[in-house]
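*Asks:* What follows is the file run_33.txt, containing compact mmCIF, C-alpha atoms:
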# COMPACT_ATOMS: atom_id res chain seq x y z
CA MET A 1 17.46 1.82 -5.83
CA THR A 2 20.70 0.15 -6.79
CA ARG A 3 21.39 -3.50 -6.21
CA PHE A 4 24.94 -4.20 -5.19
CA THR A 5 27.10 -7.08 -3.99
CA LEU A 6 29.82 -6.88 -1.38
CA PRO A 7 31.57 -10.22 -0.86
CA PHE A 8 33.15 -10.85 2.52
CA ASP A 9 34.42 -13.77 4.57
CA TRP A 10 31.86 -15.12 7.02
CA ASN A 11 33.16 -17.06 9.98
CA GLY A 12 29.91 -18.97 10.43
CA GLU A 13 28.82 -17.11 13.56
CA GLU A 14 25.65 -15.06 13.82
CA LEU A 15 26.12 -11.87 11.85
CA LEU A 16 24.22 -8.58 11.58
CA VAL A 17 24.24 -6.83 8.19
CA GLN A 18 23.21 -3.26 7.45
CA SER A 19 23.66 -0.96 4.49
CA ARG A 20 23.05 2.77 4.22
CA ALA A 21 22.17 4.57 1.01
CA MET A 22 22.91 8.14 -0.01
CA ASP A 23 21.08 9.57 -3.01
CA GLU A 24 22.19 12.09 -5.61
CA THR A 25 20.73 14.95 -3.56
CA GLY A 26 22.90 14.04 -0.59
CA TYR A 27 19.97 12.64 1.38
CA VAL A 28 21.21 9.92 3.67
CA GLN A 29 19.06 6.97 4.69
CA PRO A 30 17.96 7.48 8.32
CA THR A 31 18.21 4.95 11.11
CA ILE A 32 14.96 3.46 12.41
CA GLN A 33 15.35 5.56 15.55
CA GLU A 34 15.70 8.77 13.52
CA LEU A 35 12.64 7.82 11.47
CA GLN A 36 10.53 6.98 14.52
CA LYS A 37 11.41 10.33 16.08
CA VAL A 38 9.50 12.17 13.33
CA ARG A 39 6.94 9.52 12.33
CA GLY A 40 6.02 7.90 15.62
CA LEU A 41 5.45 4.20 16.06
CA ASN A 42 2.40 3.69 13.84
CA SER A 43 3.87 4.55 10.48
CA ILE A 44 3.62 1.73 7.94
CA TYR A 45 4.26 2.95 4.42
CA HIS A 46 7.45 4.50 3.07
CA ASN A 47 9.63 3.10 5.79
CA ASN A 48 12.96 4.03 4.21
CA SER A 49 15.12 3.54 7.28
CA ILE A 50 18.13 1.26 7.43
CA ALA A 51 17.09 -2.38 7.64
CA THR A 52 19.03 -4.96 9.59
CA TRP A 53 19.50 -8.56 8.53
CA LEU A 54 20.56 -11.32 10.87
CA VAL A 55 22.49 -14.15 9.24
CA ASN A 56 21.93 -17.20 11.41
CA LYS A 57 24.47 -19.95 11.91
CA ASP A 58 22.57 -22.20 9.51
CA GLY A 59 22.77 -19.55 6.80
CA SER A 60 19.13 -18.50 6.98
CA VAL A 61 18.44 -14.78 7.13
CA ASP A 62 16.01 -12.83 9.31
CA ASN A 63 14.87 -9.24 9.13
CA VAL A 64 15.43 -7.86 12.63
CA ARG A 65 15.19 -4.58 14.50
CA LEU A 66 17.96 -3.34 16.75
CA GLY A 67 17.55 -1.21 19.85
CA MET B 1 3.14 -5.50 8.59
CA SER B 2 0.23 -7.72 7.69
CA ASP B 3 0.15 -10.00 4.68
CA LEU B 4 -2.55 -7.85 3.25
CA VAL B 5 -0.50 -4.67 3.50
CA LYS B 6 2.21 -6.42 1.54
CA LYS B 7 -0.31 -7.58 -1.00
CA MET B 8 -1.56 -4.02 -1.32
CA GLN B 9 1.97 -2.82 -1.84
CA HIS B 10 2.36 -5.28 -4.67
CA GLN B 11 -0.74 -3.85 -6.23
CA LEU B 12 0.63 -0.34 -5.88
CA VAL B 13 3.93 -1.34 -7.42
CA ALA B 14 2.05 -2.88 -10.32
CA ALA B 15 0.11 0.36 -10.78
CA ALA B 16 3.29 2.40 -10.69
CA LEU B 17 4.90 0.24 -13.34
CA LEU B 18 2.02 0.78 -15.69
CA LEU B 19 2.87 4.37 -16.57
CA PRO B 20 6.29 3.76 -18.12
CA VAL B 21 4.80 0.94 -20.16
CA LEU B 22 2.17 3.22 -21.64
CA ALA B 23 4.70 6.00 -22.20
CA GLY B 24 6.93 3.45 -23.90
CA SER B 25 4.22 2.36 -26.30
CA ALA B 26 3.53 5.99 -27.22
CA ALA B 27 7.20 6.42 -28.06
CA LEU B 28 7.11 3.20 -30.06
CA ALA B 29 4.27 4.53 -32.14
CA GLU B 30 6.51 7.41 -33.18
CA SER B 31 9.53 5.55 -34.43
CA ARG B 32 9.95 1.90 -33.39
CA PRO B 33 13.65 2.05 -34.23
CA PHE B 34 14.24 -1.61 -33.39
CA ASN B 35 10.98 -2.78 -34.86
CA LEU B 36 10.04 -4.31 -31.53
CA GLY B 37 6.61 -4.62 -30.01
CA VAL B 38 3.29 -3.56 -31.44
CA VAL B 39 1.49 -0.29 -31.08
CA ALA B 40 -1.26 -0.60 -28.49
CA THR B 41 -4.69 -0.06 -29.96
CA ALA B 42 -6.99 2.53 -28.47
CA GLU B 43 -9.08 -0.34 -27.15
CA GLN B 44 -6.09 -1.94 -25.41
CA VAL B 45 -5.11 1.34 -23.80
CA LYS B 46 -8.72 1.79 -22.69
CA GLY B 47 -8.49 -1.55 -20.91
CA TRP B 48 -5.62 -0.27 -18.81
CA ASP B 49 -7.02 3.21 -18.31
CA ILE B 50 -9.28 2.48 -15.34
CA ASP B 51 -8.02 4.97 -12.77
CA VAL B 52 -10.58 7.08 -10.95
CA ARG B 53 -9.17 10.32 -9.64
CA PRO B 54 -10.09 12.02 -6.36
CA ASP B 55 -12.57 14.38 -8.03
CA GLY B 56 -14.26 11.44 -9.73
CA LEU B 57 -12.67 11.97 -13.14
CA GLY B 58 -12.47 8.59 -14.84
CA ALA B 59 -15.35 7.03 -12.92
CA PRO B 60 -17.22 4.76 -15.33
CA ILE B 61 -20.93 5.28 -15.87
CA GLY B 62 -22.92 3.42 -13.24
CA ALA B 63 -24.74 3.62 -9.93
CA GLY B 64 -25.43 1.64 -6.80
CA ASN B 65 -26.85 1.99 -3.30
CA ALA B 66 -26.19 0.23 -0.03
CA LEU B 67 -29.44 -1.75 -0.07
CA ASP B 68 -28.32 -3.48 -3.24
CA GLY B 69 -24.71 -3.48 -2.13
CA GLU B 70 -25.36 -5.56 0.96
CA GLU B 71 -25.98 -8.68 -1.12
CA VAL B 72 -23.00 -8.14 -3.42
CA TYR B 73 -20.80 -7.43 -0.42
CA ALA B 74 -21.98 -10.56 1.38
CA GLU B 75 -21.18 -12.66 -1.66
CA ARG B 76 -17.90 -11.14 -2.82
CA CYS B 77 -16.32 -9.43 0.19
CA ALA B 78 -17.62 -10.77 3.49
CA SER B 79 -15.61 -14.00 3.52
CA CYS B 80 -12.49 -11.92 4.24
CA HIS B 81 -13.81 -8.59 5.49
CA GLY B 82 -16.68 -9.91 7.64
CA ASP B 83 -20.43 -9.46 7.28
CA PHE B 84 -20.23 -5.98 8.81
CA GLY B 85 -16.74 -4.97 7.66
CA GLU B 86 -15.31 -6.09 11.00
CA ALA B 87 -12.78 -8.35 9.22
CA VAL B 88 -12.02 -12.06 9.42
CA ASP B 89 -8.63 -13.08 10.84
CA ASN B 90 -5.97 -10.62 9.70
CA TRP B 91 -7.82 -9.25 6.69
CA PRO B 92 -8.44 -5.51 6.81
CA VAL B 93 -11.23 -3.95 8.83
CA LEU B 94 -13.43 -1.79 6.61
CA VAL B 95 -15.83 -0.19 9.06
CA GLY B 96 -15.36 1.99 12.14
CA GLY B 97 -12.17 3.35 13.61
CA GLU B 98 -13.40 6.93 14.06
CA GLY B 99 -11.25 8.85 16.51
CA THR B 100 -8.54 6.19 16.67
CA LEU B 101 -6.01 7.61 14.22
CA ASP B 102 -3.96 9.43 16.86
CA SER B 103 -4.24 6.61 19.38
CA GLY B 104 -1.74 3.86 20.02
CA ASP B 105 -3.86 1.47 17.99
CA PRO B 106 -5.16 3.35 14.96
CA VAL B 107 -7.88 1.59 12.96
CA LYS B 108 -7.59 2.85 9.41
CA THR B 109 -10.74 2.18 7.43
CA THR B 110 -12.25 3.87 4.44
CA GLY B 111 -14.55 5.61 6.95
CA SER B 112 -11.93 6.71 9.45
CA TYR B 113 -8.99 7.29 7.16
CA TRP B 114 -9.55 7.50 3.43
CA PRO B 115 -9.92 11.05 2.09
CA TYR B 116 -11.86 10.25 -1.08
CA ALA B 117 -14.76 7.91 -1.83
CA SER B 118 -13.63 7.81 -5.47
CA THR B 119 -10.48 5.96 -4.43
CA MET B 120 -12.69 3.22 -3.01
CA PHE B 121 -14.12 2.67 -6.48
CA ASP B 122 -10.69 2.73 -8.07
CA TYR B 123 -9.23 0.26 -5.62
CA ILE B 124 -12.15 -2.14 -5.34
CA TYR B 125 -12.74 -2.30 -9.08
CA ARG B 126 -9.01 -2.59 -9.81
CA ALA B 127 -7.95 -5.08 -7.15
CA MET B 128 -10.87 -6.79 -5.41
CA PRO B 129 -11.87 -9.45 -4.59
CA PHE B 130 -8.30 -10.45 -3.91
CA GLY B 131 -7.40 -13.13 -6.45
CA GLU B 132 -10.36 -12.23 -8.65
CA ALA B 133 -9.46 -8.68 -9.54
CA GLN B 134 -11.64 -6.85 -12.07
CA SER B 135 -14.39 -9.43 -11.96
CA LEU B 136 -16.90 -6.94 -10.50
CA SER B 137 -19.15 -4.95 -12.80
CA HIS B 138 -19.19 -1.17 -12.58
CA ASP B 139 -22.60 -1.19 -10.91
CA GLU B 140 -21.55 -3.90 -8.43
CA THR B 141 -18.55 -1.79 -7.52
CA TYR B 142 -20.74 1.28 -6.95
CA GLN B 143 -23.03 -0.89 -4.81
CA ILE B 144 -20.14 -2.11 -2.66
CA VAL B 145 -18.80 1.43 -2.28
CA ALA B 146 -22.27 2.58 -1.23
CA PHE B 147 -22.60 -0.28 1.26
CA LEU B 148 -19.26 0.59 2.87
CA LEU B 149 -20.09 4.30 2.97
CA TYR B 150 -23.42 3.44 4.59
CA MET B 151 -21.79 1.12 7.12
CA ASN B 152 -19.44 3.97 8.00
CA ASP B 153 -22.39 6.36 8.54
CA ILE B 154 -21.39 8.56 5.62
CA ILE B 155 -24.49 8.11 3.42
CA ASP B 156 -28.03 6.75 3.82
CA ASP B 157 -28.87 3.25 2.68
CA ASP B 158 -30.92 4.42 -0.31
CA PHE B 159 -28.39 6.99 -1.55
CA ASP B 160 -27.26 6.22 -5.07
CA VAL B 161 -23.51 6.52 -5.50
CA THR B 162 -22.89 7.32 -9.15
CA HIS B 163 -20.12 8.37 -11.51
CA GLU B 164 -21.46 11.89 -11.20
CA ASN B 165 -21.39 12.23 -7.41
CA ILE B 166 -18.60 9.89 -6.29
CA GLY B 167 -16.08 12.73 -6.48
CA THR B 168 -18.15 14.97 -4.23
CA ILE B 169 -18.96 12.70 -1.29
CA GLU B 170 -17.47 14.26 1.84
CA MET B 171 -15.24 11.85 3.70
CA PRO B 172 -14.68 12.36 7.46
CA ASN B 173 -10.88 12.39 7.25
CA ARG B 174 -10.67 14.56 4.15
CA ASP B 175 -8.56 17.18 5.94
CA GLY B 176 -6.50 14.74 7.99
CA PHE B 177 -3.49 14.70 5.70
CA MET B 178 -0.38 16.86 5.68
CA LEU B 179 0.25 18.94 2.58
CA PRO B 180 2.70 19.50 1.14
CA ASP B 181 4.26 16.11 1.72
CA PRO B 182 6.86 16.71 4.45
CA ARG B 183 9.11 13.91 3.32
CA PRO B 184 12.02 13.42 3.48
CA ASP B 185 11.16 14.11 7.08
CA ALA B 186 13.86 12.14 8.88
CA GLN B 187 17.25 13.75 8.64
CA PRO B 188 20.38 12.16 10.06
CA VAL B 189 21.31 13.64 13.42
CA SER B 190 24.84 14.41 12.35
CA ALA B 191 25.87 16.61 9.43
CA LYS B 192 28.42 13.94 8.64
CA PRO B 193 26.45 10.72 8.99
CA CYS B 194 28.46 7.59 9.61
CA MET B 195 28.80 5.35 6.54
CA THR B 196 31.28 2.70 7.72
CA ASN B 197 31.94 0.83 10.95
CA CYS B 198 29.18 2.75 12.69
CA ALA B 199 28.47 2.43 16.37
CA VAL B 200 24.93 1.09 16.27
CA PRO B 201 22.83 -0.84 18.77
CA THR B 202 23.48 -4.54 18.42
CA LYS B 203 20.71 -5.88 20.63
CA ILE B 204 17.92 -7.48 18.64
CA ILE B 205 14.60 -6.15 19.93
CA GLY B 206 12.31 -7.46 17.21
CA MET B 207 12.20 -10.09 14.50
CA ALA B 208 9.95 -10.10 11.46
CA ARG B 209 9.65 -13.87 11.91
CA ASP B 210 8.05 -13.39 15.33
CA ILE B 211 5.28 -11.14 14.02
CA ASP B 212 4.59 -13.61 11.23
CA VAL B 213 4.93 -11.32 8.24
CA THR B 214 7.48 -13.34 6.31
CA PRO B 215 5.94 -15.64 3.69
CA GLU B 216 6.71 -19.32 4.14
CA SER B 217 9.32 -20.67 1.78
CA GLU B 218 7.99 -22.97 -0.91
CA SER B 219 10.72 -25.54 -0.45
Written as structure tokens, how would this file's structure read?
*Replies:*
Amino acid sequence: MTRFTLPFDWNGEELLVQSRAMDETGYVQPTIQELQKVRGLNSIYHNNSIATWLVNKDGSVDNVRLG
Amino acid sequence: MSDLVKKMQHQLVAAALLLPVLAGSAALAESRPFNLGVVATAEQVKGWDIDVRPDGLGAPIGAGNALDGEEVYAERCASCHGDFGEAVDNWPVLVGGEGTLDSGDPVKTTGSYWPYASTMFDYIYRAMPFGEAQSLSHDETYQIVAFLLYMNDIIDDDFDVTHENIGTIEMPNRDGFMLPDPRPDAQPVSAKPCMTNCAVPTKIIGMARDIDVTPESES
């Protein structure tokens, strides 16, 4: 896993942030929907799907799921 | 994800980090080019080397049955896991769950889910009670393992679980795992997966905050 920074201008409104990784084998991080298709809804460990972060207007950040 | 699952993951991460450290000290013993660190003594390595493998290899000498285990369990485990393994609050259930794994609400216990009894020893001795890890004796750990196996109807209450037989106890879900590991199992739908400005759903349907899995900030 590589930590990276990607500065951007934030206009202060609610913002959703996602990133998607690709490894040296060409494997691309799946979406949560793609992961659920093969794992079902009860999988807990090794959830390697794309995570979504909601930046709130006050600057706090929440982990959220999109659908 | 419950707090406990996250705590368990921390334990697993800690276990995973251990190997490079040991490998590093072996390399140090060879050359120590920067003259850093000290070579771990055999006794120090022994202190770390507490893993018990599925077939029981590594299990320390000892024994315990459920009759003795009930008291140890009540004293060291029940405050979180309940007198009968039914769990207190959101701590993990340890007993029951048979036949629930393919249901909408699977109850994963050592009885319903775990493939090896030896892993119970490894985990309990290594990590329990939470906050007081490695304070149990070998015999106490065998007693607790025996109590949990008894509560899950896997052994009788007077059966002695020992270093010699812990690798051979037949667990109900032994064959419930997929081999070889099918991961990576989720492949992107498209051969050219989107990497920028992707059209994704933007409706929030769940928040970690709402299911109370995010630790409170200290400040």
*Asks:* Record the distance separating CA of Ser135 in chain B and CA of Gly56 in chain B, expressed in Å with one decimal.
*Replies:*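 Going from CA of Ser135 in chain B over to CA of Gly56 in chain B, I get 21.0 Å.
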*Asks:* From the list B:Leu149, B:Val107, B:Leu36, B:Met207, which residue is nearest Phe84 in chain B when using all atoms listed in the file?
*Replies:* B:Leu149
*Asks:* As number ranges by chain, could you give me every residue of chain A near chain B (at most 10 Å apart, counting all atoms listed in the file)?
*Replies:* A: 16, 18-22, 27-42, 44-46, 48-49, 52-54, 62-67
*Asks:* Could you give me, as an MDAnalysis selection string, the residues within 10 Å of Asp153 in chain B, counting only C-alpha atoms and dropping anything in the same chain fewer than 6 positions from it?
*Replies:* chainID B and resid 95:96 111 147 172
*Asks:* Quick one: residues within 10 Å of range 77-81 of chain B, only C-alpha atoms, excluding same-chain residues fewer than 4 positions away - as a PDB file with C-alpha atoms, in the coordinates of the input?
*Replies:*
ATOM      1  CA  GLU B  70     -25.360  -5.560   0.960  1.00  0.00           C
ATOM      2  CA  GLU B  71     -25.980  -8.680  -1.120  1.00  0.00           C
ATOM      3  CA  VAL B  72     -23.000  -8.140  -3.420  1.00  0.00           C
ATOM      4  CA  TYR B  73     -20.800  -7.430  -0.420  1.00  0.00           C
ATOM      5  CA  GLY B  85     -16.740  -4.970   7.660  1.00  0.00           C
ATOM      6  CA  GLU B  86     -15.310  -6.090  11.000  1.00  0.00           C
ATOM      7  CA  ALA B  87     -12.780  -8.350   9.220  1.00  0.00           C
ATOM      8  CA  VAL B  88     -12.020 -12.060   9.420  1.00  0.00           C
ATOM      9  CA  ASP B  89      -8.630 -13.080  10.840  1.00  0.00           C
ATOM     10  CA  ASN B  90      -5.970 -10.620   9.700  1.00  0.00           C
ATOM     11  CA  TRP B  91      -7.820  -9.250   6.690  1.00  0.00           C
ATOM     12  CA  PRO B  92      -8.440  -5.510   6.810  1.00  0.00           C
ATOM     13  CA  VAL B  93     -11.230  -3.950   8.830  1.00  0.00           C
ATOM     14  CA  LEU B  94     -13.430  -1.790   6.610  1.00  0.00           C
ATOM     15  CA  VAL B  95     -15.830  -0.190   9.060  1.00  0.00           C
ATOM     16  CA  MET B 128     -10.870  -6.790  -5.410  1.00  0.00           C
ATOM     17  CA  PRO B 129     -11.870  -9.450  -4.590  1.00  0.00           C
ATOM     18  CA  PHE B 130      -8.300 -10.450  -3.910  1.00  0.00           C
ATOM     19  CA  ILE B 144     -20.140  -2.110  -2.660  1.00  0.00           C
TER      20      ILE B 144
END
*Asks:* If I take CA of Val52 in chain B and CA of Phe121 in chain B, how far is one from the other in Å, to one decimal?
*Replies:*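 That distance, rounded to one decimal, is 7.2 Å.
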*Asks:* So how many Å separate CA of Thr162 in chain B and CA of Tyr116 in chain B, to one decimal?
*Replies:*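 Spanning CA of Thr162 in chain B to CA of Tyr116 in chain B is a straight-line distance of 14.0 Å.
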*Asks:* Tell me which protein, DNA and RNA residues are within 12 Å of Trp10 in chain A, counting all atoms listed in the file, leaving out same-chain ones fewer than 3 positions away, and put them as a ChimeraX atom specification.
*Replies:* /A:6-7,13-17,55-59
